[in-house]
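> Handing you this structure, nothing more for now.
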Amino acid sequence: MKNLKSKPPEEVYVALQIAFYGSGELLEWVKSTSHLDAYAEDGEVAELICADANIDHDAGEIIQKYFRIVQRYWEDLVIPSDTTEQIAKRLLAERLAEYLSGECKPFEVCRVFQHIEVAFDYPAWLGDMYSACDWVEPETASSDHPYLAEIYTTLLPKLTREI
């Protein structure tokens, strides 16, 4: 996992919306960043900062709490928008690169793709991903769908040029 500490709140928000990060990464980021310090008086911010990542939490509630914080302090941050779409492209490019270097499974790419597809209303920049992720399940291995590497290798430079 890349250094979360330096990630801005806007990127973390989009990453959560497209299932690039989960509640564990959110809590890791909250503990390591100074981006929320100015809002520490906010009860929900304080709850996130004080949450113990080693204790079983309701992942959905933790993420929803962060979404409410973003709505209060970053009111202009909405999905879809040009800003959030650029962030989503960058995150998808990062996930494709991780896949191509063997750092993640096909499902991790397809999960992000599926969330982008819905959040950004089937954007054209997803290219051949629409058919690539058919039949990809959490237990799918890269060897089960060798064509994915070709599709991802073609898409990655296109995304990189657009961001």
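Going by the structure tokens order, chains are called A, B, ..., each with residues numbered from 1, while ligands are numbered from 1 in the order shown.
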Skipping near chain neighbours, those fewer than 3 positions away, what residues fall within 10 Å of segment 105-109 of chain A using only C-alpha atoms, listed as a PyMOL selection string?
chain A and resi 19-20+92-100+102+112-114+129+132-133+135-145+148-149+152
> Have a look at atom CA of Ala15 of chain A and atom CA of Ile116 of chain A and let me know their distance in Å, one decimal.
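Going from atom CA of Ala15 of chain A over to atom CA of Ile116 of chain A, I get 9.9 Å.
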> Which polymer residues have any atom within 9 Å of an atom of segment 7-13 of chain A, counting only C-alpha atoms, with same-chain residues fewer than 3 positions away left out, as a list in words?
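Surrounding residues, per the criterion: Asn3, Leu4, Leu16, Gln17, Ile18, Phe20, Tyr21, Leu26, Trp29, Thr33, His35, Leu36, Tyr66, Phe67, Val70, Trp74, Leu77, Thr84, Ile87, Ala88 and Leu91 of chain A.
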> Could you check which of A:Glu85, A:Asp52, A:Asp42, A:Glu28 is closest to Ile69 of chain A, using only C-alpha atoms?
A:Asp42
> Quick one: everything within 12 Å of Gly43 of chain A, counting only C-alpha atoms, minus sequence neighbours fewer than 4 positions away in the same chain. Send it as a ChimeraX atom specification.
/A:36,39,47-50,65-66,68-69
> Please write the residues from the selection above to a file, keeping N, CA and C atoms, as a PDB file, in the first residue's frame.

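Written file, again23.pdb:
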ATOM      1  N   LEU A  36      -7.131  16.399   8.812  1.00  0.00           N
ATOM      2  CA  LEU A  36      -8.368  16.540   9.584  1.00  0.00           C
ATOM      3  C   LEU A  36      -8.166  17.294  10.897  1.00  0.00           C
ATOM      4  N   TYR A  39     -10.396  20.048  12.022  1.00  0.00           N
ATOM      5  CA  TYR A  39     -11.796  19.685  12.268  1.00  0.00           C
ATOM      6  C   TYR A  39     -11.948  18.762  13.480  1.00  0.00           C
ATOM      7  N   GLU A  47     -14.304  10.940  16.648  1.00  0.00           N
ATOM      8  CA  GLU A  47     -14.586   9.500  16.726  1.00  0.00           C
ATOM      9  C   GLU A  47     -13.698   8.710  15.772  1.00  0.00           C
ATOM     10  N   LEU A  48     -13.521   9.208  14.559  1.00  0.00           N
ATOM     11  CA  LEU A  48     -12.655   8.510  13.603  1.00  0.00           C
ATOM     12  C   LEU A  48     -11.199   8.516  14.074  1.00  0.00           C
ATOM     13  N   ILE A  49     -10.746   9.670  14.563  1.00  0.00           N
ATOM     14  CA  ILE A  49      -9.363   9.777  15.020  1.00  0.00           C
ATOM     15  C   ILE A  49      -9.107   8.836  16.189  1.00  0.00           C
ATOM     16  N   CYS A  50     -10.092   8.681  17.067  1.00  0.00           N
ATOM     17  CA  CYS A  50      -9.925   7.845  18.261  1.00  0.00           C
ATOM     18  C   CYS A  50     -10.241   6.368  18.025  1.00  0.00           C
ATOM     19  N   LYS A  65     -19.521   7.711   8.021  1.00  0.00           N
ATOM     20  CA  LYS A  65     -19.134   8.817   8.907  1.00  0.00           C
ATOM     21  C   LYS A  65     -18.180   9.761   8.161  1.00  0.00           C
ATOM     22  N   TYR A  66     -17.212   9.178   7.460  1.00  0.00           N
ATOM     23  CA  TYR A  66     -16.282  10.005   6.686  1.00  0.00           C
ATOM     24  C   TYR A  66     -17.013  10.754   5.564  1.00  0.00           C
ATOM     25  N   ARG A  68     -20.034  11.819   5.604  1.00  0.00           N
ATOM     26  CA  ARG A  68     -20.747  12.953   6.223  1.00  0.00           C
ATOM     27  C   ARG A  68     -19.777  14.099   6.533  1.00  0.00           C
ATOM     28  N   ILE A  69     -18.576  13.755   6.970  1.00  0.00           N
ATOM     29  CA  ILE A  69     -17.551  14.771   7.248  1.00  0.00           C
ATOM     30  C   ILE A  69     -17.201  15.515   5.961  1.00  0.00           C
TER      31      ILE A  69
END
> Quick one: distance from atom CA of Val30 of chain A to atom CA of Ile55 of chain A in Å, one decimal?
15.4 Å
> What is the atom CA of Ala53 of chain A to atom CA of Tyr73 of chain A distance in Å?
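About the pair atom CA of Ala53 of chain A and atom CA of Tyr73 of chain A: they are 23.9 Å apart.
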> Measuring between only C-alpha atoms, which one of A:Ser131, A:Asn54, A:Thr83, A:Ser34 shows the shortest distance to Val14 of chain A?
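The closest residue to Val14 of chain A is A:Thr83.
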> Quick one: of A:Ser23, A:Tyr147, A:Ile79, A:Cys104, who's nearest to Val118 of chain A, counting only C-alpha atoms?
A:Ile79
> Among chain A, which residues carry a DSSP assignment of alpha helix (DSSP H), reported as number ranges by chain?
A: 9-17, 23-32, 43-50, 59-73, 82-100, 106-119, 129-132, 147-162
> Please produce a file of those selected residues containing C-alpha atoms, as a compact mmCIF listing (two decimals), in the first residue's frame.

# COMPACT_ATOMS: atom_id res chain seq x y z
CA PRO A 9 -9.16 14.16 1.79
CA GLU A 10 -10.64 14.47 -1.70
CA GLU A 11 -8.64 11.49 -2.98
CA VAL A 12 -9.54 9.40 0.05
CA TYR A 13 -13.20 10.24 -0.52
CA VAL A 14 -13.15 9.14 -4.17
CA ALA A 15 -11.07 6.07 -3.31
CA LEU A 16 -13.71 5.00 -0.79
CA GLN A 17 -16.54 5.71 -3.22
CA SER A 23 -12.49 1.10 6.20
CA GLY A 24 -9.08 -0.21 7.29
CA GLU A 25 -7.26 2.14 4.93
CA LEU A 26 -9.56 4.98 6.01
CA LEU A 27 -8.66 4.48 9.66
CA GLU A 28 -4.97 4.19 8.77
CA TRP A 29 -5.19 7.47 6.86
CA VAL A 30 -7.12 9.27 9.65
CA LYS A 31 -4.44 8.26 12.16
CA SER A 32 -1.51 9.32 9.97
CA GLY A 43 -17.57 14.86 17.06
CA GLU A 44 -17.47 12.51 14.08
CA VAL A 45 -13.91 13.54 13.20
CA ALA A 46 -12.89 12.91 16.80
CA GLU A 47 -14.59 9.50 16.73
CA LEU A 48 -12.65 8.51 13.60
CA ILE A 49 -9.36 9.78 15.02
CA CYS A 50 -9.92 7.85 18.26
CA ALA A 59 -16.97 -0.87 8.09
CA GLY A 60 -19.99 0.70 6.44
CA GLU A 61 -20.63 3.04 9.36
CA ILE A 62 -16.99 4.16 9.48
CA ILE A 63 -17.06 4.99 5.77
CA GLN A 64 -20.47 6.72 6.03
CA LYS A 65 -19.13 8.82 8.91
CA TYR A 66 -16.28 10.00 6.69
CA PHE A 67 -18.72 10.75 3.85
CA ARG A 68 -20.75 12.95 6.22
CA ILE A 69 -17.55 14.77 7.25
CA VAL A 70 -16.69 15.41 3.60
CA GLN A 71 -20.19 16.73 2.94
CA ARG A 72 -19.79 19.20 5.80
CA TYR A 73 -16.30 20.51 5.02
CA ASP A 82 -14.52 16.72 -13.51
CA THR A 83 -12.38 16.79 -10.37
CA THR A 84 -13.58 13.48 -8.97
CA GLU A 85 -13.43 11.84 -12.40
CA GLN A 86 -9.75 12.79 -12.72
CA ILE A 87 -9.08 11.30 -9.29
CA ALA A 88 -10.94 8.11 -10.27
CA LYS A 89 -8.88 7.82 -13.48
CA ARG A 90 -5.66 8.20 -11.51
CA LEU A 91 -6.73 5.58 -8.98
CA LEU A 92 -7.81 3.14 -11.70
CA ALA A 93 -4.46 3.65 -13.44
CA GLU A 94 -2.73 2.91 -10.14
CA ARG A 95 -4.78 -0.26 -9.66
CA LEU A 96 -4.06 -1.41 -13.24
CA ALA A 97 -0.34 -0.89 -12.66
CA GLU A 98 -0.58 -2.89 -9.42
CA TYR A 99 -2.28 -5.73 -11.30
CA LEU A 100 0.26 -5.73 -14.12
CA PRO A 106 -8.24 -9.44 -11.03
CA PHE A 107 -11.20 -8.91 -8.70
CA GLU A 108 -9.50 -5.93 -7.06
CA VAL A 109 -9.34 -4.20 -10.45
CA CYS A 110 -12.87 -5.20 -11.42
CA ARG A 111 -14.34 -4.06 -8.09
CA VAL A 112 -12.92 -0.57 -8.69
CA PHE A 113 -14.11 -0.65 -12.30
CA GLN A 114 -17.65 -1.62 -11.28
CA HIS A 115 -17.88 1.22 -8.76
CA ILE A 116 -16.51 3.74 -11.29
CA GLU A 117 -18.98 2.45 -13.86
CA VAL A 118 -21.92 3.23 -11.58
CA ALA A 119 -20.60 6.44 -9.98
CA MET A 129 -13.16 -2.95 -19.22
CA TYR A 130 -16.90 -3.49 -19.69
CA SER A 131 -16.39 -6.96 -21.11
CA ALA A 132 -13.10 -7.67 -19.33
CA TYR A 147 -6.66 -11.67 -21.63
CA LEU A 148 -6.98 -9.19 -18.74
CA ALA A 149 -3.29 -8.29 -18.89
CA GLU A 150 -3.63 -7.35 -22.57
CA ILE A 151 -6.70 -5.20 -21.97
CA TYR A 152 -5.15 -3.52 -18.93
CA THR A 153 -1.86 -2.94 -20.75
CA THR A 154 -3.76 -1.17 -23.54
CA LEU A 155 -5.90 0.92 -21.18
CA LEU A 156 -3.17 2.04 -18.76
CA PRO A 157 -1.28 4.39 -21.13
CA LYS A 158 -4.57 5.91 -22.33
CA LEU A 159 -5.58 6.70 -18.75
CA THR A 160 -2.13 8.00 -17.93
CA ARG A 161 -2.27 10.44 -20.87
CA GLU A 162 -5.66 11.75 -19.68
